[in-house]
Structures are given as structure tokens and as C-alpha cells.
file protein.cif (mmCIF, C-alpha atoms)
data_target
#
loop_
_atom_site.group_PDB
_atom_site.id
_atom_site.type_symbol
_atom_site.label_atom_id
_atom_site.label_comp_id
_atom_site.auth_asym_id
_atom_site.auth_seq_id
_atom_site.Cartn_x
_atom_site.Cartn_y
_atom_site.Cartn_z
ATOM 1 C CA MET A 1 -14.566 1.350 5.062
ATOM 2 C CA ALA A 2 -13.985 -2.179 6.272
ATOM 3 C CA TYR A 3 -10.724 -3.002 8.002
ATOM 4 C CA PHE A 4 -9.042 -5.978 9.631
ATOM 5 C CA GLY A 5 -10.296 -5.797 13.186
ATOM 6 C CA PRO A 6 -11.268 -5.995 15.932
ATOM 7 C CA THR A 7 -11.137 -2.413 17.135
ATOM 8 C CA GLY A 8 -7.665 -1.705 18.457
ATOM 9 C CA THR A 9 -5.610 -3.517 15.811
ATOM 10 C CA PHE A 10 -2.484 -2.030 14.305
ATOM 11 C CA THR A 11 -4.468 -1.978 11.058
ATOM 12 C CA GLU A 12 -6.979 0.385 12.639
ATOM 13 C CA GLU A 13 -4.155 2.465 14.102
ATOM 14 C CA ALA A 14 -2.602 2.839 10.638
ATOM 15 C CA LEU A 15 -5.993 3.653 9.098
ATOM 16 C CA LEU A 16 -6.577 6.396 11.671
ATOM 17 C CA THR A 17 -3.378 8.181 10.596
ATOM 18 C CA GLN A 18 -5.191 9.056 7.348
ATOM 19 C CA ALA A 19 -7.619 11.926 7.941
ATOM 20 C CA ASP A 20 -9.947 11.027 5.071
ATOM 21 C CA TYR A 21 -10.110 7.368 6.080
ATOM 22 C CA ALA A 22 -10.564 8.200 9.771
ATOM 23 C CA ALA A 23 -13.583 10.346 8.847
ATOM 24 C CA ALA A 24 -15.315 7.435 7.084
ATOM 25 C CA ALA A 25 -17.786 5.018 8.644
ATOM 26 C CA LEU A 26 -15.504 2.228 9.880
ATOM 27 C CA TYR A 27 -16.390 -1.459 10.061
ATOM 28 C CA PRO A 28 -13.941 -3.809 11.799
ATOM 29 C CA LEU A 29 -14.129 -7.320 10.341
ATOM 30 C CA ALA A 30 -12.764 -10.541 11.793
ATOM 31 C CA THR A 31 -10.516 -11.588 8.911
ATOM 32 C CA ILE A 32 -8.624 -10.103 5.998
ATOM 33 C CA THR A 33 -10.700 -12.277 3.677
ATOM 34 C CA ASP A 34 -13.873 -10.778 5.181
ATOM 35 C CA VAL A 35 -12.551 -7.321 4.291
ATOM 36 C CA PHE A 36 -11.825 -8.363 0.702
ATOM 37 C CA GLU A 37 -15.243 -9.991 0.325
ATOM 38 C CA SER A 38 -17.091 -6.934 1.673
ATOM 39 C CA VAL A 39 -15.305 -4.676 -0.845
ATOM 40 C CA GLU A 40 -15.803 -7.060 -3.752
ATOM 41 C CA ARG A 41 -19.547 -7.416 -3.164
ATOM 42 C CA GLY A 42 -19.962 -3.642 -2.697
ATOM 43 C CA ALA A 43 -20.965 -3.674 0.969
ATOM 44 C CA VAL A 44 -18.245 -1.044 1.550
ATOM 45 C CA ASP A 45 -16.336 1.278 -0.748
ATOM 46 C CA LEU A 46 -12.861 0.534 0.577
ATOM 47 C CA GLY A 47 -10.988 -2.034 2.620
ATOM 48 C CA PHE A 48 -7.881 -1.571 4.733
ATOM 49 C CA VAL A 49 -5.629 -4.563 5.483
ATOM 50 C CA PRO A 50 -2.019 -5.264 6.463
ATOM 51 C CA ILE A 51 0.221 -6.314 3.616
ATOM 52 C CA GLU A 52 3.719 -6.419 5.083
ATOM 53 C CA ASN A 53 5.612 -6.774 8.335
ATOM 54 C CA GLY A 54 9.096 -5.255 8.384
ATOM 55 C CA ILE A 55 10.678 -8.351 9.913
ATOM 56 C CA GLU A 56 8.453 -11.202 8.773
ATOM 57 C CA GLY A 57 7.753 -9.954 5.268
ATOM 58 C CA THR A 58 4.446 -10.098 3.460
ATOM 59 C CA VAL A 59 1.176 -11.131 5.084
ATOM 60 C CA PRO A 60 0.360 -14.212 2.981
ATOM 61 C CA VAL A 61 -3.441 -14.058 3.245
ATOM 62 C CA THR A 62 -3.381 -10.468 1.960
ATOM 63 C CA VAL A 63 -0.987 -11.094 -0.916
ATOM 64 C CA ASP A 64 -2.629 -14.377 -1.917
ATOM 65 C CA GLY A 65 -6.068 -12.778 -1.781
ATOM 66 C CA LEU A 66 -4.994 -9.910 -4.028
ATOM 67 C CA ILE A 67 -3.223 -12.185 -6.509
ATOM 68 C CA PHE A 68 -5.497 -15.213 -6.672
ATOM 69 C CA ASP A 69 -8.905 -14.584 -5.149
ATOM 70 C CA PHE A 70 -10.124 -11.004 -5.497
ATOM 71 C CA ASP A 71 -10.124 -8.488 -8.347
ATOM 72 C CA LEU A 72 -9.161 -5.484 -6.213
ATOM 73 C CA PHE A 73 -6.570 -2.734 -6.527
ATOM 74 C CA ILE A 74 -4.213 -1.196 -3.987
ATOM 75 C CA GLN A 75 -5.120 2.475 -3.576
ATOM 76 C CA ARG A 76 -2.641 3.636 -0.949
ATOM 77 C CA GLU A 77 0.225 2.482 1.209
ATOM 78 C CA VAL A 78 0.403 3.519 4.858
ATOM 79 C CA VAL A 79 3.509 2.757 6.904
ATOM 80 C CA LEU A 80 3.157 2.442 10.667
ATOM 81 C CA ASP A 81 6.054 1.984 13.083
ATOM 82 C CA ILE A 82 4.903 -0.748 15.468
ATOM 83 C CA HIS A 83 6.132 -1.478 18.984
ATOM 84 C CA LEU A 84 4.990 -4.693 20.652
ATOM 85 C CA HIS A 85 4.606 -5.173 24.409
ATOM 86 C CA LEU A 86 4.301 -8.234 26.597
ATOM 87 C CA MET A 87 1.303 -7.932 28.917
ATOM 88 C CA ALA A 88 0.296 -9.957 31.950
ATOM 89 C CA ALA A 89 -1.995 -9.580 34.921
ATOM 90 C CA PRO A 90 -0.617 -7.480 37.793
ATOM 91 C CA GLY A 91 1.768 -9.461 39.963
ATOM 92 C CA VAL A 92 2.712 -12.043 37.324
ATOM 93 C CA ALA A 93 6.495 -12.403 37.152
ATOM 94 C CA LEU A 94 8.199 -12.956 33.819
ATOM 95 C CA ALA A 95 9.352 -16.366 35.057
ATOM 96 C CA ASP A 96 5.706 -17.363 35.619
ATOM 97 C CA VAL A 97 4.588 -16.755 32.021
ATOM 98 C CA ARG A 98 3.679 -20.090 30.402
ATOM 99 C CA ARG A 99 1.879 -18.949 27.210
ATOM 100 C CA VAL A 100 2.255 -15.961 24.914
ATOM 101 C CA ILE A 101 -0.753 -15.292 22.693
ATOM 102 C CA SER A 102 -0.527 -13.039 19.631
ATOM 103 C CA PHE A 103 -0.862 -12.722 15.866
ATOM 104 C CA PRO A 104 1.612 -15.113 14.168
ATOM 105 C CA HIS A 105 3.614 -12.267 12.589
ATOM 106 C CA ALA A 106 3.976 -10.574 15.979
ATOM 107 C CA LEU A 107 5.093 -13.834 17.604
ATOM 108 C CA ALA A 108 7.665 -14.289 14.860
ATOM 109 C CA GLN A 109 8.798 -10.693 15.154
ATOM 110 C CA CYS A 110 9.479 -11.266 18.862
ATOM 111 C CA ARG A 111 11.007 -14.739 18.545
ATOM 112 C CA LYS A 112 14.489 -13.681 19.708
ATOM 113 C CA TYR A 113 13.120 -11.989 22.809
ATOM 114 C CA LEU A 114 10.834 -14.925 23.577
ATOM 115 C CA ALA A 115 13.653 -17.435 23.086
ATOM 116 C CA ALA A 116 15.952 -15.467 25.383
ATOM 117 C CA HIS A 117 13.471 -14.571 28.139
ATOM 118 C CA LEU A 118 10.663 -17.141 27.889
ATOM 119 C CA PRO A 119 12.211 -20.234 26.299
ATOM 120 C CA LYS A 120 9.642 -22.597 27.813
ATOM 121 C CA ALA A 121 6.570 -20.467 27.070
ATOM 122 C CA GLU A 122 4.129 -21.792 24.492
ATOM 123 C CA ALA A 123 3.478 -19.451 21.548
ATOM 124 C CA VAL A 124 -0.258 -19.476 20.770
ATOM 125 C CA PRO A 125 -1.527 -17.865 17.567
ATOM 126 C CA ALA A 126 -4.485 -15.444 17.666
ATOM 127 C CA SER A 127 -6.345 -13.790 14.802
ATOM 128 C CA SER A 128 -4.897 -10.384 15.752
ATOM 129 C CA THR A 129 -2.750 -8.746 18.396
ATOM 130 C CA ALA A 130 -5.820 -6.806 19.550
ATOM 131 C CA GLU A 131 -7.769 -10.030 20.049
ATOM 132 C CA ALA A 132 -4.851 -11.485 21.987
ATOM 133 C CA ALA A 133 -4.734 -8.432 24.252
#
call {"tool": "encode", "arguments": {"input": "protein.cif", "output": "C-alpha cells"}}
result
Amino acid sequence: MAYFGPTGTFTEEALLTQADYAAAALYPLATITDVFESVERGAVDLGFVPIENGIEGTVPVTVDGLIFDFDLFIQREVVLDIHLHLMAAPGVALADVRRVISFPHALAQCRKYLAAHLPKAEAVPASSTAEAA
């Protein structure tokens, strides 16, 4: 089973809540499109990708891929309650944070907190929250 990686993503965390999926050989891939392509060409039997964020709505690359680019079917829905955390090196004060790096949906999900507590910090998109960490 291919999934949107790297290891440590919320996608992997959701996948691991399913005993049958967790028992499979797991292959973290760099992009959602990579997951779709590996399933379509038969390199793996299944793919596991995020499709929706409770606050930000659908994940466009997933929905667009399923509608326009790949002839694949949704087999199962897994819901995962996600809690995001702001991390910094030891000793860094909140006032010293100049950049916040994360997946665009996570940045958007935290926009009120960031605006209130880090209004001058630059929001920098990453390919996943795990990569950002």
C-alpha cells in the first residue's frame, strides 16, 4: 500500500488505525499524485491519501486527481481527529519565531492562532506536516 508520506504524516497515522492496512507492506510516497500513479500502474494494490480537512475542506490535488486524472475508486473512509502543535528548538521564545513551516491546509487551519500570536511570522508551505517537522 502506497500512502502520502513521508513516514510520520497524519495520512500514515490514519492508515495505521486500520488493522488490515497496517499489516500491509507500506510505501510512503512524496506526493498524492505519486500515490495515484503507483496504484494506477499496478505497482501497489492500494493507495491511501487525505481527501478532506475539517476546517479547510477538500484537498484539491486528491479530489482533482480522482475526478480528472485517474480512474480509481474510493474503497474506505477513515476519519482522524488531528491536533497540530507549534514546535521550535529549545530556548526559542514565541516572540522570536519568524517563520512557520507546514502543509498549506495545516497553516490555514491555524491561521487565527498565527494571526493572534505570530502576526509577523512568515507562513512557508511544505509538502507535508511531517516534512515540516
call {"tool": "residues_around", "arguments": {"input": "protein.cif", "residues": "segment 60-65 of chain A", "least_positions_apart": "5", "cutoff": "9 Å", "atoms": "all atoms listed in the file", "output": "ChimeraX atom specification"}}
result
/A:32-33,36,49-52,70-71
call {"tool": "residues_around", "arguments": {"input": "protein.cif", "residues": "Asp34 of chain A", "least_positions_apart": "6", "cutoff": "12 Å", "atoms": "all atoms listed in the file", "output": "list in words"}}
result
Ala2, Tyr3, Phe4, Gly5, Tyr27, Pro28, Glu40, Arg41, Ala43, Val44, Gly47, Phe48, Val49, Val61, Thr62, Gly65 and Phe70 of chain A
call {"tool": "resolve_selection", "arguments": {"input": "protein.cif", "expression": "the PyMOL selection byres ((chain A and resi 125) around 10)", "output": "PDB file with C-alpha atoms, in the coordinates of the input"}}
result
ATOM      1  CA  VAL A 100       2.255 -15.961  24.914  1.00  0.00           C
ATOM      2  CA  ILE A 101      -0.753 -15.292  22.693  1.00  0.00           C
ATOM      3  CA  SER A 102      -0.527 -13.039  19.631  1.00  0.00           C
ATOM      4  CA  PHE A 103      -0.862 -12.722  15.866  1.00  0.00           C
ATOM      5  CA  PRO A 104       1.612 -15.113  14.168  1.00  0.00           C
ATOM      6  CA  HIS A 105       3.614 -12.267  12.589  1.00  0.00           C
ATOM      7  CA  ALA A 106       3.976 -10.574  15.979  1.00  0.00           C
ATOM      8  CA  LEU A 107       5.093 -13.834  17.604  1.00  0.00           C
ATOM      9  CA  GLU A 122       4.129 -21.792  24.492  1.00  0.00           C
ATOM     10  CA  ALA A 123       3.478 -19.451  21.548  1.00  0.00           C
ATOM     11  CA  VAL A 124      -0.258 -19.476  20.770  1.00  0.00           C
ATOM     12  CA  ALA A 126      -4.485 -15.444  17.666  1.00  0.00           C
ATOM     13  CA  SER A 127      -6.345 -13.790  14.802  1.00  0.00           C
ATOM     14  CA  SER A 128      -4.897 -10.384  15.752  1.00  0.00           C
ATOM     15  CA  THR A 129      -2.750  -8.746  18.396  1.00  0.00           C
ATOM     16  CA  ALA A 132      -4.851 -11.485  21.987  1.00  0.00           C
TER      17      ALA A 132
END
call {"tool": "closest_residue", "arguments": {"input": "protein.cif", "among": "A:Ile82, A:Ala95, A:Val39, A:Ala23", "to": "Thr9 of chain A", "atoms": "all atoms listed in the file"}}
result
A:Ile82
call {"tool": "atom_distance", "arguments": {"input": "protein.cif", "atom1": "atom CA of Leu72 of chain A", "atom2": "atom CA of Gly8 of chain A"}}
result
25.0 Å
call {"tool": "atom_distance", "arguments": {"input": "protein.cif", "atom1": "atom CA of Met87 of chain A", "atom2": "atom CA of Ala30 of chain A"}}
result
22.3 Å
call {"tool": "atom_distance", "arguments": {"input": "protein.cif", "atom1": "atom CA of Thr58 of chain A", "atom2": "atom CA of Glu13 of chain A"}}
result
18.6 Å
call {"tool": "build_atoms", "arguments": {"input": "protein.cif", "residues": "segment 45-65 of chain A", "atoms": "N, CA, C and O atoms", "output": "PDB file, in the coordinates of the input"}}
result
ATOM      1  N   ASP A  45     -17.076   0.699   0.377  1.00  0.00           N
ATOM      2  CA  ASP A  45     -16.336   1.278  -0.748  1.00  0.00           C
ATOM      3  C   ASP A  45     -14.862   0.901  -0.742  1.00  0.00           C
ATOM      4  O   ASP A  45     -14.244   0.761  -1.797  1.00  0.00           O
ATOM      5  N   LEU A  46     -14.287   0.786   0.446  1.00  0.00           N
ATOM      6  CA  LEU A  46     -12.861   0.534   0.577  1.00  0.00           C
ATOM      7  C   LEU A  46     -12.597  -0.486   1.683  1.00  0.00           C
ATOM      8  O   LEU A  46     -13.385  -0.624   2.619  1.00  0.00           O
ATOM      9  N   GLY A  47     -11.452  -1.139   1.575  1.00  0.00           N
ATOM     10  CA  GLY A  47     -10.988  -2.034   2.620  1.00  0.00           C
ATOM     11  C   GLY A  47      -9.571  -1.669   3.001  1.00  0.00           C
ATOM     12  O   GLY A  47      -8.809  -1.140   2.182  1.00  0.00           O
ATOM     13  N   PHE A  48      -9.201  -1.927   4.223  1.00  0.00           N
ATOM     14  CA  PHE A  48      -7.881  -1.571   4.733  1.00  0.00           C
ATOM     15  C   PHE A  48      -7.324  -2.792   5.446  1.00  0.00           C
ATOM     16  O   PHE A  48      -7.909  -3.268   6.421  1.00  0.00           O
ATOM     17  N   VAL A  49      -6.199  -3.325   4.947  1.00  0.00           N
ATOM     18  CA  VAL A  49      -5.629  -4.563   5.483  1.00  0.00           C
ATOM     19  C   VAL A  49      -4.110  -4.449   5.570  1.00  0.00           C
ATOM     20  O   VAL A  49      -3.502  -3.664   4.846  1.00  0.00           O
ATOM     21  N   PRO A  50      -3.486  -5.241   6.427  1.00  0.00           N
ATOM     22  CA  PRO A  50      -2.019  -5.264   6.463  1.00  0.00           C
ATOM     23  C   PRO A  50      -1.481  -6.058   5.287  1.00  0.00           C
ATOM     24  O   PRO A  50      -2.069  -7.067   4.881  1.00  0.00           O
ATOM     25  N   ILE A  51      -0.375  -5.600   4.746  1.00  0.00           N
ATOM     26  CA  ILE A  51       0.221  -6.314   3.616  1.00  0.00           C
ATOM     27  C   ILE A  51       1.649  -6.753   3.907  1.00  0.00           C
ATOM     28  O   ILE A  51       2.142  -7.702   3.317  1.00  0.00           O
ATOM     29  N   GLU A  52       2.331  -6.069   4.824  1.00  0.00           N
ATOM     30  CA  GLU A  52       3.719  -6.419   5.083  1.00  0.00           C
ATOM     31  C   GLU A  52       4.104  -6.111   6.518  1.00  0.00           C
ATOM     32  O   GLU A  52       3.624  -5.165   7.124  1.00  0.00           O
ATOM     33  N   ASN A  53       5.006  -6.949   7.028  1.00  0.00           N
ATOM     34  CA  ASN A  53       5.612  -6.774   8.335  1.00  0.00           C
ATOM     35  C   ASN A  53       7.102  -6.594   8.085  1.00  0.00           C
ATOM     36  O   ASN A  53       7.701  -7.391   7.356  1.00  0.00           O
ATOM     37  N   GLY A  54       7.701  -5.570   8.658  1.00  0.00           N
ATOM     38  CA  GLY A  54       9.096  -5.255   8.384  1.00  0.00           C
ATOM     39  C   GLY A  54      10.067  -6.392   8.643  1.00  0.00           C
ATOM     40  O   GLY A  54      11.085  -6.501   7.977  1.00  0.00           O
ATOM     41  N   ILE A  55       9.781  -7.244   9.592  1.00  0.00           N
ATOM     42  CA  ILE A  55      10.678  -8.351   9.913  1.00  0.00           C
ATOM     43  C   ILE A  55      10.235  -9.639   9.236  1.00  0.00           C
ATOM     44  O   ILE A  55      11.024 -10.372   8.660  1.00  0.00           O
ATOM     45  N   GLU A  56       8.967  -9.930   9.276  1.00  0.00           N
ATOM     46  CA  GLU A  56       8.453 -11.202   8.773  1.00  0.00           C
ATOM     47  C   GLU A  56       8.073 -11.184   7.298  1.00  0.00           C
ATOM     48  O   GLU A  56       7.757 -12.207   6.724  1.00  0.00           O
ATOM     49  N   GLY A  57       8.079 -10.017   6.691  1.00  0.00           N
ATOM     50  CA  GLY A  57       7.753  -9.954   5.268  1.00  0.00           C
ATOM     51  C   GLY A  57       6.265  -9.821   5.023  1.00  0.00           C
ATOM     52  O   GLY A  57       5.518  -9.326   5.861  1.00  0.00           O
ATOM     53  N   THR A  58       5.835 -10.275   3.860  1.00  0.00           N
ATOM     54  CA  THR A  58       4.446 -10.098   3.460  1.00  0.00           C
ATOM     55  C   THR A  58       3.489 -10.895   4.332  1.00  0.00           C
ATOM     56  O   THR A  58       3.859 -11.901   4.925  1.00  0.00           O
ATOM     57  N   VAL A  59       2.254 -10.417   4.401  1.00  0.00           N
ATOM     58  CA  VAL A  59       1.176 -11.131   5.084  1.00  0.00           C
ATOM     59  C   VAL A  59       0.534 -12.019   4.015  1.00  0.00           C
ATOM     60  O   VAL A  59      -0.152 -11.509   3.121  1.00  0.00           O
ATOM     61  N   PRO A  60       0.778 -13.328   4.076  1.00  0.00           N
ATOM     62  CA  PRO A  60       0.360 -14.212   2.981  1.00  0.00           C
ATOM     63  C   PRO A  60      -1.117 -14.140   2.610  1.00  0.00           C
ATOM     64  O   PRO A  60      -1.442 -14.125   1.425  1.00  0.00           O
ATOM     65  N   VAL A  61      -2.009 -14.068   3.585  1.00  0.00           N
ATOM     66  CA  VAL A  61      -3.441 -14.058   3.245  1.00  0.00           C
ATOM     67  C   VAL A  61      -3.794 -12.810   2.440  1.00  0.00           C
ATOM     68  O   VAL A  61      -4.637 -12.863   1.543  1.00  0.00           O
ATOM     69  N   THR A  62      -3.129 -11.695   2.722  1.00  0.00           N
ATOM     70  CA  THR A  62      -3.381 -10.468   1.960  1.00  0.00           C
ATOM     71  C   THR A  62      -2.849 -10.596   0.540  1.00  0.00           C
ATOM     72  O   THR A  62      -3.573 -10.348  -0.432  1.00  0.00           O
ATOM     73  N   VAL A  63      -1.604 -10.989   0.411  1.00  0.00           N
ATOM     74  CA  VAL A  63      -0.987 -11.094  -0.916  1.00  0.00           C
ATOM     75  C   VAL A  63      -1.691 -12.157  -1.755  1.00  0.00           C
ATOM     76  O   VAL A  63      -2.028 -11.917  -2.917  1.00  0.00           O
ATOM     77  N   ASP A  64      -1.939 -13.317  -1.178  1.00  0.00           N
ATOM     78  CA  ASP A  64      -2.629 -14.377  -1.917  1.00  0.00           C
ATOM     79  C   ASP A  64      -4.028 -13.931  -2.335  1.00  0.00           C
ATOM     80  O   ASP A  64      -4.466 -14.206  -3.461  1.00  0.00           O
ATOM     81  N   GLY A  65      -4.731 -13.254  -1.445  1.00  0.00           N
ATOM     82  CA  GLY A  65      -6.068 -12.778  -1.781  1.00  0.00           C
ATOM     83  C   GLY A  65      -6.051 -11.813  -2.951  1.00  0.00           C
ATOM     84  O   GLY A  65      -6.884 -11.898  -3.858  1.00  0.00           O
TER      85      GLY A  65
END
